[in-house]
Each structure stands twice: as C-alpha cells, then as structure tokens.
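Take a look at the structure set out below.
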Amino acid sequence: MSNTTSEPVKIAVLGCGTVGTEVVRLLTEEAQDLASRVGAAVQIAGIYVRDASKDRGPYVPDELLTEDAEALVDRSDVVVELMGGEEPARTLILRALERGSAVVTANKALLASHGPELYEAADAAGADLYYEAAVAGAIPLVRPVRESLAGDHITRILGIVNGTTNYVLDEMTVRGLDYDVALKQAQDLGFAEADPTADVGGHDAAAKAAILASLAFHQRVHIDDVYCEGIEAITATDVIAAKETGQVIKLLAIAERTDAGVSVRVHPALVPLTHPLAGVHGGFNAVFIEAQSAGELMFYGQGAGGTPTASAVLGDVVSVARHKAQGGKGPVESNYADLPVLPIGSARTRFSIRMSVIDKPGVLAKVAETFAAYGVGIEVVRQVPGQSHAGLILSTHRVPEGDLRATVAELESSDVVDGVLSVLRIEGE
Ligand code: NAP
C-alpha cells in the first residue's frame with residue numbers, strides 16, 4: 001500500500017521518441033512504487049509531440065498526446081523535456097521554471113550552450129532543474145560529482161562518454177576493421193545515426209565535457225570553451241601501432257584542473273592497456289575521476305538507449321516530485337569559481353608521433369635536434385624498418401601542446417622526414 005498525500009504531482013512529458021516512450025511506459029507501469037517513493041501519486045498530465053496522430057505504440061495512451069506544449073506546461077508541476085535540440089526546448093523550459101515548475105531534461109546540447117540562463121532561471125524561481133540523463137545516460141554521474149564530491153577537489157575527469165565512437169574504435173581494435181567498415185556496422189546495428197557527425201566529430205562528447213567540467217570545477221564552462229577533435233582520422237594502422245606499444249585508442253572527454261586554470265577537451269587518445277578505461281568495450285561509457293581526497297573513482301554503464309536513459313530520467317522525476325509533494329528544493333551546482341579556461345596550446349600531455357623518414361645515417365640525430373629545439377623531450381623511440389623510408393614512432397615527455405605542434409610543423413618541412421603520419425596524445429598515466 002502506498003503512503004501518499006492527496007494531491008497528485010502532474011507530469012508533462014515533452015517529446016515521445018526513444019527516451020520519451022520509455023519514460024511514459026515506466027511512469028505508467030511503476031506508478032504505484034513511484035507514488036510510495038514520492039509520497040504522492042505521480043500522474044502524466046500530457047505528452048507533447050509534433051504529430052499527435054502518429055502511432056506511438058502500446059505504452060503511450062493516445063488521449064494524453066497533445067500538440068499544445070504551452071497549455072501542457074502551464075497545467076503541470078514537473079516538466080520532463082525529452083525533445084532535444086535548442087528550440088522550442090529552451091523556451092518551454094524557461095516557461096516552466098518561471099511558473100515555479102520543476103524541470104527534468106536529458107538535453108546535453110541545450111545545457112552545454114544555454115546552461116547558465118537555465119540555471120539562473122531555476123535559481124530565481126526557486127525551482128529544481130535536474131539533468132542526470134544528459135551525461136552518460138544511465139550512469140549516475142551528475143549527482144556524485146555535484147553532491148557526493150562537493151567536499152573534495154576534483155583534479156581530473158577522463159570520460160568515455162560517447163557509445164558510438166567507443167563501439168567504432170573497439171571494433172577497429174578487437175576485430176581489426178577499417179574505420180569506414182566499423183562505422184557502417186555501427187549504423188547497420190543502430191548504434192550510430194544515419195548522419196553520425198555529432199558522434200564521430202566529438203561534438204556530443206564536447207557537450208558532456210562542458211557539463212561535467214562546470215560541475216567539477218564549480219564554474220561555467222560553455223561548449224565553445226571545449227577543444228574538440230573527432231575520430232574520423234584514426235586509421236587501422238594507428239590502432240595496430242597502439243596495440244604494439246601496449247595501448248588502445250579511445251575518444252576521451254577530458255576536464256583537467258591545473259595551476260594555470262582548467263583545460264576541457266575532447267580528442268582521441270592512446271590509453272595504456274593497464275588503465276581501467278582501456279577495458280571499456282562496445283557501446284559502453286565510463287568516467288574516471290581523480291579527486292584530491294577520494295583518489296581515483298570509476299563510473300561505468302550504459303550511456304544511451306531508451307530504457308537506460310529513462311532510468312536516469314525517472315530518478316530525477318522521483319527527486320523533484322518528492323520536493324513538490326513535501327516542499328523544498330534539491331541541491332544546486334555552485335559556480336563561484338572563475339578559473340581561466342586554457343587554450344589547447346597550453347594543455348600539457350604526452351604525445352606519440354608516427355612518421356616516415358628517409359632511411360640513411362644521421363636522420364635520427366636530425367629529428368632529435370628538431371624536438372630539442374622546441375624543448376620537447378623524447379622518452380622512447382621505436383624504429384620500424386622500410387625499403388627506402390623507415391618508420392619512426394616517438395613518445396614524448398609531458399609537454400605543452402603548442403610546443404609539440406611547432407615541432408611537428410618543422411618536422412613536416414624537414415628534408416629527412418617523408419611525412420608525419422599521425423600525432424596522438426597519450427592520456428591516463
Ligand atoms: P527522439 O527519438 O528523436 O525523440 C524526440 C521526440 O521529441 C519526438 O517524439 C519528437 O516528436 C519530439 N520533438 C522533437 N522536436 C520537436 C519539436 N520541435 N516540437 C515538438 N516535438 C518535438 O530523441 P531521443 O533519442 O528520445 O532523445 C531525447 C533527448 O534525450 C535528447 O535531448 C537527447 O540528447 C537525450 N538523450 C538521448 C539518449 C538516447 O539514447 N536516445 C541518451 C541520453 C540523452 P515527433 O515524434 O512527433 O517527431
């Protein structure tokens with residue numbers, strides 16, 4: 001038997017696609033348990049879609065569908081935004097917050113570009129704005145970073161936060177597939193969109209990096225602050241070279257605190273096989289956090305999919321509905337810090353450079369001279385013999401990226417270097 005007050009909490013669901021349908025199903029099927037957890041009945045007030053005549057399957061009651069979003073928002077206590085995109089999501093969320101309604105959203109793109117405006121509107125109205133599902137789907141991450149680690153200092157976050165790119169890179173690594181073949185396979189299996197640009201270009205991960213960095217470092221980080229490089233240029237040869245040196249290539253979202261400021265970036269990186277992130281396979285996500293007192297933490301699970309993402313949305317719905325039923329408001333993110341967001345040129349990391357050089361005596365010394373001229377220390381050199389050109393793989397010490405780029409530019413114009421074939425950062429050491 002449920003222990004509830006008499007007034008139901010009315011929920012507006014905006015959007016009824018992959019995630020929305022599952023949220024509606026769980027809100028309906030789990031209504032009794034949810035009521036007991038919230039302390040009041042939880043009732044769907046309506047479901048906003050573009051086309052209310054479209055069949056939505058067995059879990060979505062037709063009579064709840066509406067094409068009038070404003071009216072639905074205005075008669076609800078909690079607005080669950082699952083449309084995606086900037087508009088009309090932004091306007092509808094602001095409308096809900098201004099009325100004092102709580103908002104739950106999974107919309108990382110909106111938060112990464114308009115987060116401050118939305119957080120301020122929530123603050124001004126004394127309303128909850130929750131977004132656990134916006135970063136890494138089902139994995140509890142926003143609450144742990146915002147609340148459990150609120151008394152610690154997070155120094156670095158390394159995240160595999162895009163399942164599509166992890167699937168593609170994993171297939172290239174485990175099965176030796178070329179990039180195009182692995183991507184096509186991901187599309188055929190429904191892991192990748194028909195237009196995969198947001199995933200393979202790193203933009204989806206960049207939005208999540210901005211949200212995580214804002215929470216971790218208690219300040220506003222906008223998506224435009226995030227340096228972003230995708231996986232399109234990664235070749236089967238890069239993957240083989242990584243394996244030969246005990247590493248694996250992963251697309252990482254990185255948020256790092258240094259003495260000079262914060263560095264927030266997304267790019268492919270070589271990760272040692274001994275690092276926990278190297279063992280994250282297929283479409284899974286994982287986030288590795290380093291904090292001053294807590295030490296190393298790892299969060300792992302399904303970063304996407306209707307049902308896993310709906311789990312995170314429902315968790316937020318229970319929290320905000322409980323606040324509605326019992327009064328009060330949940331904890332908010334703090335944003336008192338104003339550390340400079342550093343340009344990519346000053347990010348310090350190790351690099352692996354693979355190049356083809358002319359196969360004659362003295363070449364290695366000349367290459368080493370170029371590195372020394374820019375203060376880039378070489379840690380390991382591997383030579384791969386060829387017929388007229390030799391392959392060379394060099395790993396550097398930790399250096400500012402700007403110095404490495406200058407070195408590579410000079411190597412590219414050197415008469416002993418036939419070509420710089422790839423430059424990859426090494427992370428997780
Ligand atoms: P989806 O399958 O494309 O569904 C979007 C829904 O929103 C559809 O029902 C669509 O209505 C409605 N919609 C979109 N634009 C609209 C507009 N301008 N006006 C009215 N209705 C509109 O999207 P999804 O995959 O469920 O994703 C929803 C949100 O969750 C996004 O912010 C996404 O980033 C986030 N998210 C998704 C996942 C995932 O695994 N899918 C994981 C984490 C976070 P119609 O059906 O009438 O077209």
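Going through the structure tokens in order, the chains are called A, B, and so on, while each chain numbers its residues from 1 and the ligands are numbered from 1 in the order shown.
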
### Query
Which neighbours of Thr28 (chain A) fall inside 10 Å, counting only C-alpha atoms, when residues of the same chain fewer than 2 positions from it are skipped, and could you give them as a PyMOL selection string?
chain A and resi 22-26+30-32+34+42-44+59-61

Take the residues that were just selected and, keeping all heavy atoms, output them as a compact mmCIF listing (two decimals), in the first residue's frame.
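The resulting part.txt:
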# COMPACT_ATOMS: atom_id res chain seq x y z
N GLU A 22 9.89 5.39 -23.34
CA GLU A 22 10.27 4.56 -22.18
C GLU A 22 9.92 5.26 -20.87
O GLU A 22 9.54 4.60 -19.89
CB GLU A 22 11.76 4.23 -22.23
CG GLU A 22 12.09 3.14 -23.23
CD GLU A 22 11.34 1.84 -22.90
OE1 GLU A 22 11.65 1.20 -21.89
OE2 GLU A 22 10.40 1.49 -23.66
N VAL A 23 10.06 6.56 -20.84
CA VAL A 23 9.70 7.31 -19.63
C VAL A 23 8.20 7.18 -19.37
O VAL A 23 7.77 6.91 -18.25
CB VAL A 23 10.15 8.79 -19.74
CG1 VAL A 23 9.51 9.65 -18.66
CG2 VAL A 23 11.67 8.88 -19.66
N VAL A 24 7.42 7.31 -20.45
CA VAL A 24 5.96 7.18 -20.31
C VAL A 24 5.62 5.76 -19.83
O VAL A 24 4.80 5.57 -18.92
CB VAL A 24 5.26 7.50 -21.65
CG1 VAL A 24 3.78 7.11 -21.61
CG2 VAL A 24 5.41 8.99 -21.97
N ARG A 25 6.25 4.77 -20.42
CA ARG A 25 5.97 3.37 -20.02
C ARG A 25 6.28 3.18 -18.52
O ARG A 25 5.45 2.65 -17.77
CB ARG A 25 6.83 2.39 -20.84
CG ARG A 25 6.61 0.93 -20.46
CD ARG A 25 7.45 -0.02 -21.31
NE ARG A 25 8.87 0.03 -21.03
CZ ARG A 25 9.47 -0.57 -20.00
NH1 ARG A 25 8.76 -1.26 -19.13
NH2 ARG A 25 10.78 -0.47 -19.82
N LEU A 26 7.45 3.64 -18.09
CA LEU A 26 7.83 3.42 -16.68
C LEU A 26 6.95 4.22 -15.73
O LEU A 26 6.58 3.74 -14.66
CB LEU A 26 9.31 3.76 -16.48
CG LEU A 26 10.28 2.79 -17.17
CD1 LEU A 26 11.71 3.31 -17.10
CD2 LEU A 26 10.21 1.40 -16.53
N GLU A 30 5.11 1.71 -13.34
CA GLU A 30 5.66 1.76 -11.98
C GLU A 30 4.91 2.77 -11.10
O GLU A 30 5.44 3.21 -10.08
CB GLU A 30 7.14 2.16 -12.03
CG GLU A 30 8.02 1.31 -12.93
CD GLU A 30 8.19 -0.10 -12.39
OE1 GLU A 30 8.11 -0.29 -11.17
OE2 GLU A 30 8.38 -1.02 -13.22
N ALA A 31 3.71 3.16 -11.55
CA ALA A 31 3.00 4.26 -10.87
C ALA A 31 2.88 4.06 -9.36
O ALA A 31 3.08 4.99 -8.57
CB ALA A 31 1.62 4.45 -11.49
N GLN A 32 2.59 2.81 -8.96
CA GLN A 32 2.37 2.58 -7.54
C GLN A 32 3.65 2.73 -6.71
O GLN A 32 3.67 3.41 -5.69
CB GLN A 32 1.78 1.19 -7.34
CG GLN A 32 0.85 1.17 -6.16
CD GLN A 32 0.06 -0.12 -6.09
OE1 GLN A 32 0.00 -0.89 -7.06
NE2 GLN A 32 -0.55 -0.36 -4.95
N LEU A 34 6.29 4.36 -7.61
CA LEU A 34 6.72 5.76 -7.68
C LEU A 34 5.95 6.60 -6.67
O LEU A 34 6.54 7.45 -5.99
CB LEU A 34 6.53 6.32 -9.10
CG LEU A 34 7.44 5.71 -10.18
CD1 LEU A 34 7.04 6.20 -11.57
CD2 LEU A 34 8.90 6.03 -9.92
N VAL A 42 1.91 10.11 -8.87
CA VAL A 42 2.58 10.79 -9.98
C VAL A 42 1.74 10.54 -11.22
O VAL A 42 1.53 9.39 -11.61
CB VAL A 42 4.02 10.23 -10.15
CG1 VAL A 42 4.66 10.80 -11.40
CG2 VAL A 42 4.85 10.54 -8.93
N GLN A 43 1.26 11.62 -11.83
CA GLN A 43 0.26 11.47 -12.89
C GLN A 43 0.74 12.17 -14.16
O GLN A 43 1.17 13.33 -14.09
CB GLN A 43 -1.00 12.18 -12.37
CG GLN A 43 -2.27 11.85 -13.05
CD GLN A 43 -3.40 12.61 -12.35
OE1 GLN A 43 -3.56 13.83 -12.54
NE2 GLN A 43 -4.15 11.92 -11.50
N ILE A 44 0.67 11.48 -15.30
CA ILE A 44 1.07 12.14 -16.55
C ILE A 44 -0.05 13.09 -16.97
O ILE A 44 -1.18 12.67 -17.22
CB ILE A 44 1.33 11.11 -17.67
CG1 ILE A 44 2.42 10.12 -17.25
CG2 ILE A 44 1.75 11.82 -18.96
CD1 ILE A 44 2.71 9.02 -18.28
N TYR A 59 2.49 1.58 -25.29
CA TYR A 59 2.66 2.13 -23.94
C TYR A 59 2.22 3.58 -23.81
O TYR A 59 2.25 4.16 -22.72
CB TYR A 59 4.14 2.03 -23.51
CG TYR A 59 4.66 0.63 -23.56
CD1 TYR A 59 5.64 0.28 -24.48
CD2 TYR A 59 4.15 -0.35 -22.70
CE1 TYR A 59 6.11 -1.02 -24.54
CE2 TYR A 59 4.61 -1.64 -22.76
CZ TYR A 59 5.59 -1.97 -23.69
OH TYR A 59 6.04 -3.25 -23.75
N VAL A 60 1.87 4.20 -24.97
CA VAL A 60 1.55 5.64 -24.92
C VAL A 60 0.06 5.84 -25.16
O VAL A 60 -0.42 5.65 -26.27
CB VAL A 60 2.38 6.40 -25.98
CG1 VAL A 60 2.07 7.89 -25.92
CG2 VAL A 60 3.88 6.16 -25.78
N PRO A 61 -0.70 6.21 -24.12
CA PRO A 61 -2.15 6.41 -24.30
C PRO A 61 -2.41 7.60 -25.23
O PRO A 61 -1.94 8.71 -24.96
CB PRO A 61 -2.65 6.72 -22.88
CG PRO A 61 -1.51 6.37 -21.96
CD PRO A 61 -0.25 6.47 -22.74

Sort by chain and increasing residue number a table of all residues of chain A within 6 Å of ligand 1, each with its closest pair of atoms and their distance in Å to one decimal, counting only C-alpha atoms and all ligand atoms, and write it as JSON lines.
{"residue": "A:Gly15", "atom": "CA", "partner": "ligand 1", "partner_atom_place_in_ligand_line": "7 (O)", "distance": 3.3}
{"residue": "A:Cys16", "atom": "CA", "partner": "ligand 1", "partner_atom_place_in_ligand_line": "9 (O)", "distance": 3.4}
{"residue": "A:Gly17", "atom": "CA", "partner": "ligand 1", "partner_atom_place_in_ligand_line": "4 (O)", "distance": 3.2}
{"residue": "A:Thr18", "atom": "CA", "partner": "ligand 1", "partner_atom_place_in_ligand_line": "26 (O)", "distance": 3.7}
{"residue": "A:Val19", "atom": "CA", "partner": "ligand 1", "partner_atom_place_in_ligand_line": "26 (O)", "distance": 3.8}
{"residue": "A:Gly20", "atom": "CA", "partner": "ligand 1", "partner_atom_place_in_ligand_line": "26 (O)", "distance": 5.5}
{"residue": "A:Val49", "atom": "CA", "partner": "ligand 1", "partner_atom_place_in_ligand_line": "21 (N)", "distance": 4.2}
{"residue": "A:Arg50", "atom": "CA", "partner": "ligand 1", "partner_atom_place_in_ligand_line": "47 (O)", "distance": 3.7}
{"residue": "A:Asp51", "atom": "CA", "partner": "ligand 1", "partner_atom_place_in_ligand_line": "47 (O)", "distance": 4.3}
{"residue": "A:Leu82", "atom": "CA", "partner": "ligand 1", "partner_atom_place_in_ligand_line": "28 (C)", "distance": 4.2}
{"residue": "A:Met83", "atom": "CA", "partner": "ligand 1", "partner_atom_place_in_ligand_line": "7 (O)", "distance": 3.4}
{"residue": "A:Gly84", "atom": "CA", "partner": "ligand 1", "partner_atom_place_in_ligand_line": "32 (O)", "distance": 3.2}
{"residue": "A:Pro88", "atom": "CA", "partner": "ligand 1", "partner_atom_place_in_ligand_line": "18 (N)", "distance": 5.7}
{"residue": "A:Ala106", "atom": "CA", "partner": "ligand 1", "partner_atom_place_in_ligand_line": "30 (O)", "distance": 4.5}
{"residue": "A:Asn107", "atom": "CA", "partner": "ligand 1", "partner_atom_place_in_ligand_line": "32 (O)", "distance": 3.4}
{"residue": "A:Lys108", "atom": "CA", "partner": "ligand 1", "partner_atom_place_in_ligand_line": "34 (O)", "distance": 5.8}
{"residue": "A:Ala133", "atom": "CA", "partner": "ligand 1", "partner_atom_place_in_ligand_line": "43 (C)", "distance": 5.6}
{"residue": "A:Ala134", "atom": "CA", "partner": "ligand 1", "partner_atom_place_in_ligand_line": "44 (C)", "distance": 5.1}
{"residue": "A:Gly137", "atom": "CA", "partner": "ligand 1", "partner_atom_place_in_ligand_line": "43 (C)", "distance": 4.6}
{"residue": "A:Ala304", "atom": "CA", "partner": "ligand 1", "partner_atom_place_in_ligand_line": "40 (O)", "distance": 3.6}
{"residue": "A:Gly305", "atom": "CA", "partner": "ligand 1", "partner_atom_place_in_ligand_line": "40 (O)", "distance": 3.5}
{"residue": "A:Gly306", "atom": "CA", "partner": "ligand 1", "partner_atom_place_in_ligand_line": "40 (O)", "distance": 5.3}
{"residue": "A:Thr309", "atom": "CA", "partner": "ligand 1", "partner_atom_place_in_ligand_line": "42 (C)", "distance": 5.3}

### Query
Out of region 254-392 of chain A, which residues get alpha helix (DSSP H) from DSSP, as a PyMOL selection string?
chain A and resi 306-326+363-373

### Task
Can you pull out every residue within 10 Å of Asn335 (chain A), counting only C-alpha atoms, but drop anything in the same chain fewer than 2 positions away, and send it as an NGL selection string?
:A and (116 or 214-221 or 332-333 or 337-338)

#### Entry: Point-to-point distance from CA of Gly419 (chain A) to CA of Met355 (chain A), Å rounded to tenths
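Result for CA of Gly419 (chain A) versus CA of Met355 (chain A): 5.7 Å, one decimal.
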
### Query
Do you have the CA of Val103 (chain A)-CA of Ala52 (chain A) distance handy?
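Distance reported for this atom pair: 22.6 Å.
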
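Each of A:Ile234, A:Ala122, A:Ala138, A:Val420 was checked against Val313 (chain A) using only C-alpha atoms; the smallest atom-to-atom distance is that of A:Ala138.
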
### Query
Hey, can you check how far CA of Val376 (chain A) sits from CA of Ser395 (chain A)?
10.1 Å

### Message
List as a PyMOL selection string the protein and nucleic acid residues near Ala209 (chain A), meaning an atom at most 9 Å away when only C-alpha atoms are counted, but skip any in the same chain fewer than 6 places from it.
### Response
chain A and resi 112+135+157+159+161+221+223+226+253-255+264-266

Write the residues of the selection above to a file with all heavy atoms, as an mmCIF file, in the first residue's frame.
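Final output, again.cif:
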data_model
loop_
_atom_site.group_PDB
_atom_site.id
_atom_site.type_symbol
_atom_site.label_atom_id
_atom_site.label_comp_id
_atom_site.auth_asym_id
_atom_site.auth_seq_id
_atom_site.Cartn_x
_atom_site.Cartn_y
_atom_site.Cartn_z
ATOM 1 N N ALA A 112 24.726 22.563 -22.522
ATOM 2 C CA ALA A 112 26.105 22.974 -22.795
ATOM 3 C C ALA A 112 26.162 24.350 -23.445
ATOM 4 O O ALA A 112 27.176 25.039 -23.354
ATOM 5 C CB ALA A 112 26.791 21.938 -23.682
ATOM 6 N N VAL A 135 24.282 13.412 -19.202
ATOM 7 C CA VAL A 135 25.675 12.972 -19.309
ATOM 8 C C VAL A 135 25.744 11.475 -19.037
ATOM 9 O O VAL A 135 25.423 11.022 -17.947
ATOM 10 C CB VAL A 135 26.583 13.704 -18.288
ATOM 11 C CG1 VAL A 135 28.039 13.368 -18.553
ATOM 12 C CG2 VAL A 135 26.355 15.187 -18.327
ATOM 13 N N ILE A 157 39.019 14.631 -14.842
ATOM 14 C CA ILE A 157 37.998 13.676 -15.282
ATOM 15 C C ILE A 157 38.405 13.193 -16.664
ATOM 16 O O ILE A 157 38.713 13.999 -17.549
ATOM 17 C CB ILE A 157 36.601 14.335 -15.361
ATOM 18 C CG1 ILE A 157 36.148 14.796 -13.974
ATOM 19 C CG2 ILE A 157 35.588 13.365 -15.953
ATOM 20 C CD1 ILE A 157 34.768 15.451 -13.951
ATOM 21 N N GLY A 159 36.727 10.772 -19.529
ATOM 22 C CA GLY A 159 35.492 10.034 -19.752
ATOM 23 C C GLY A 159 35.359 9.474 -21.149
ATOM 24 O O GLY A 159 35.693 10.128 -22.137
ATOM 25 N N VAL A 161 32.405 9.009 -23.054
ATOM 26 C CA VAL A 161 31.020 9.435 -22.856
ATOM 27 C C VAL A 161 30.201 9.371 -24.145
ATOM 28 O O VAL A 161 29.091 9.886 -24.203
ATOM 29 C CB VAL A 161 30.951 10.868 -22.248
ATOM 30 C CG1 VAL A 161 31.467 10.867 -20.821
ATOM 31 C CG2 VAL A 161 31.696 11.872 -23.102
ATOM 32 N N VAL A 221 31.312 26.443 -17.806
ATOM 33 C CA VAL A 221 32.129 26.099 -18.974
ATOM 34 C C VAL A 221 31.152 25.912 -20.131
ATOM 35 O O VAL A 221 30.253 25.081 -20.068
ATOM 36 C CB VAL A 221 32.963 24.824 -18.737
ATOM 37 C CG1 VAL A 221 33.742 24.455 -19.995
ATOM 38 C CG2 VAL A 221 33.912 25.008 -17.552
ATOM 39 N N ILE A 223 30.120 25.152 -24.200
ATOM 40 C CA ILE A 223 30.603 24.195 -25.213
ATOM 41 C C ILE A 223 31.670 24.820 -26.119
ATOM 42 O O ILE A 223 32.590 24.127 -26.564
ATOM 43 C CB ILE A 223 29.434 23.600 -26.033
ATOM 44 C CG1 ILE A 223 29.963 22.481 -26.920
ATOM 45 C CG2 ILE A 223 28.672 24.655 -26.828
ATOM 46 C CD1 ILE A 223 28.990 21.468 -27.353
ATOM 47 N N VAL A 226 35.278 24.207 -25.217
ATOM 48 C CA VAL A 226 35.809 22.836 -25.267
ATOM 49 C C VAL A 226 36.523 22.602 -26.599
ATOM 50 O O VAL A 226 35.910 22.736 -27.664
ATOM 51 C CB VAL A 226 34.666 21.799 -25.107
ATOM 52 C CG1 VAL A 226 35.224 20.377 -25.084
ATOM 53 C CG2 VAL A 226 33.855 22.081 -23.853
ATOM 54 N N ALA A 253 36.715 12.494 -23.243
ATOM 55 C CA ALA A 253 36.323 13.834 -22.806
ATOM 56 C C ALA A 253 37.163 14.094 -21.556
ATOM 57 O O ALA A 253 37.121 13.311 -20.610
ATOM 58 C CB ALA A 253 34.843 13.873 -22.467
ATOM 59 N N ILE A 254 37.931 15.178 -21.597
ATOM 60 C CA ILE A 254 38.876 15.432 -20.501
ATOM 61 C C ILE A 254 38.589 16.794 -19.884
ATOM 62 O O ILE A 254 38.430 17.793 -20.589
ATOM 63 C CB ILE A 254 40.325 15.399 -21.042
ATOM 64 C CG1 ILE A 254 40.613 14.034 -21.678
ATOM 65 C CG2 ILE A 254 41.338 15.702 -19.929
ATOM 66 C CD1 ILE A 254 41.903 13.969 -22.453
ATOM 67 N N ALA A 255 38.501 16.807 -18.566
ATOM 68 C CA ALA A 255 38.379 18.070 -17.838
ATOM 69 C C ALA A 255 39.472 18.029 -16.781
ATOM 70 O O ALA A 255 39.496 17.131 -15.944
ATOM 71 C CB ALA A 255 37.000 18.181 -17.193
ATOM 72 N N VAL A 264 39.616 21.826 -20.912
ATOM 73 C CA VAL A 264 38.478 20.960 -21.221
ATOM 74 C C VAL A 264 38.572 20.613 -22.702
ATOM 75 O O VAL A 264 38.590 21.496 -23.558
ATOM 76 C CB VAL A 264 37.128 21.648 -20.914
ATOM 77 C CG1 VAL A 264 35.995 20.622 -20.968
ATOM 78 C CG2 VAL A 264 37.155 22.316 -19.550
ATOM 79 N N ARG A 265 38.669 19.307 -22.995
ATOM 80 C CA ARG A 265 38.927 18.932 -24.385
ATOM 81 C C ARG A 265 38.384 17.547 -24.699
ATOM 82 O O ARG A 265 38.220 16.728 -23.793
ATOM 83 C CB ARG A 265 40.430 19.003 -24.663
ATOM 84 C CG ARG A 265 41.278 18.231 -23.665
ATOM 85 C CD ARG A 265 42.756 18.601 -23.810
ATOM 86 N NE ARG A 265 43.639 17.595 -23.232
ATOM 87 C CZ ARG A 265 44.111 17.626 -21.998
ATOM 88 N NH1 ARG A 265 43.787 18.615 -21.186
ATOM 89 N NH2 ARG A 265 44.903 16.675 -21.556
ATOM 90 N N VAL A 266 38.115 17.335 -25.966
ATOM 91 C CA VAL A 266 37.677 16.023 -26.451
ATOM 92 C C VAL A 266 38.571 15.666 -27.624
ATOM 93 O O VAL A 266 38.716 16.473 -28.558
ATOM 94 C CB VAL A 266 36.205 16.074 -26.917
ATOM 95 C CG1 VAL A 266 35.830 14.808 -27.676
ATOM 96 C CG2 VAL A 266 35.266 16.264 -25.739
#

### Task
Within 12 Å of Asp359 (chain A), counting only C-alpha atoms, which residues show up once you throw out same-chain ones fewer than 3 positions away? Write them as a list in words, please.
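Listing them by chain and then by number gives Met355, Ser356, Gly362, Val363, Leu364, Gln383, Val384, Pro385, Gly386, Gln387, Ser388, His389, Ala390, Gly391, Leu392, Asp415, Val416, Val417 and Asp418 of chain A.
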
Can you spit out the residues from that selection as an mmCIF file, in the first residue's frame, using C-alpha atoms?
data_model
loop_
_atom_site.group_PDB
_atom_site.id
_atom_site.type_symbol
_atom_site.label_atom_id
_atom_site.label_comp_id
_atom_site.auth_asym_id
_atom_site.auth_seq_id
_atom_site.Cartn_x
_atom_site.Cartn_y
_atom_site.Cartn_z
ATOM 1 C CA MET A 355 56.436 9.359 -39.121
ATOM 2 C CA SER A 356 58.134 8.110 -42.215
ATOM 3 C CA GLY A 362 72.205 10.760 -39.288
ATOM 4 C CA VAL A 363 68.447 11.066 -39.775
ATOM 5 C CA LEU A 364 67.594 10.150 -36.200
ATOM 6 C CA GLN A 383 62.219 2.240 -35.478
ATOM 7 C CA VAL A 384 60.209 0.243 -37.990
ATOM 8 C CA PRO A 385 62.456 -0.655 -40.970
ATOM 9 C CA GLY A 386 61.230 0.007 -44.540
ATOM 10 C CA GLN A 387 62.715 -0.255 -48.031
ATOM 11 C CA SER A 388 63.624 3.330 -48.853
ATOM 12 C CA HIS A 389 61.831 5.002 -45.943
ATOM 13 C CA ALA A 390 61.909 3.945 -42.321
ATOM 14 C CA GLY A 391 59.019 4.216 -39.883
ATOM 15 C CA LEU A 392 59.705 6.013 -36.638
ATOM 16 C CA ASP A 415 64.203 17.194 -45.818
ATOM 17 C CA VAL A 416 64.793 13.979 -43.800
ATOM 18 C CA VAL A 417 61.119 13.461 -42.965
ATOM 19 C CA ASP A 418 58.940 11.996 -45.669
#

### Query
With distances taken over only C-alpha atoms, which of A:Glu67, A:Asp77, A:Glu296, A:Glu412 is nearest to Val357 (chain A)?
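Selected residue with least distance to Val357 (chain A): A:Glu412.
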
### Query
Hey, what does DSSP flag as strand (DSSP E or B) within region 98-309 of chain A? Can you give it to me as a ChimeraX atom specification?
/A:102-105,129-130,154-160,227-228,247-258,261-272,284-291,295-302

### Message
When you count only C-alpha atoms, which of these residues is closest to Ser53 (chain A): A:Leu65, A:Ala269, A:Ala96, A:Val341?
### Response
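Nearest to Ser53 (chain A): A:Leu65.
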
### Query
Of the candidates A:Ile426, A:Leu27, A:Ala136, A:Ile231, which shows the shortest atom-to-atom distance to Val168 (chain A), using only C-alpha atoms?
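Among the listed residues, the smallest separation from Val168 (chain A) belongs to A:Ile231.
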
### Task
Give me the residues within 12 Å of Asn162 (chain A) as a PyMOL selection string, counting only C-alpha atoms and dropping any in the same chain fewer than 2 places off.
chain A and resi 134-137+159-160+164-169+191-192+196+198-209+230-231+250-253+266-268+280-287+301-305

### Task
Find, counting only C-alpha atoms, the residue in A:Thr396, A:Ser101, A:Ser36, A:Thr155 that gets nearest to Ser76 (chain A).
A:Ser101
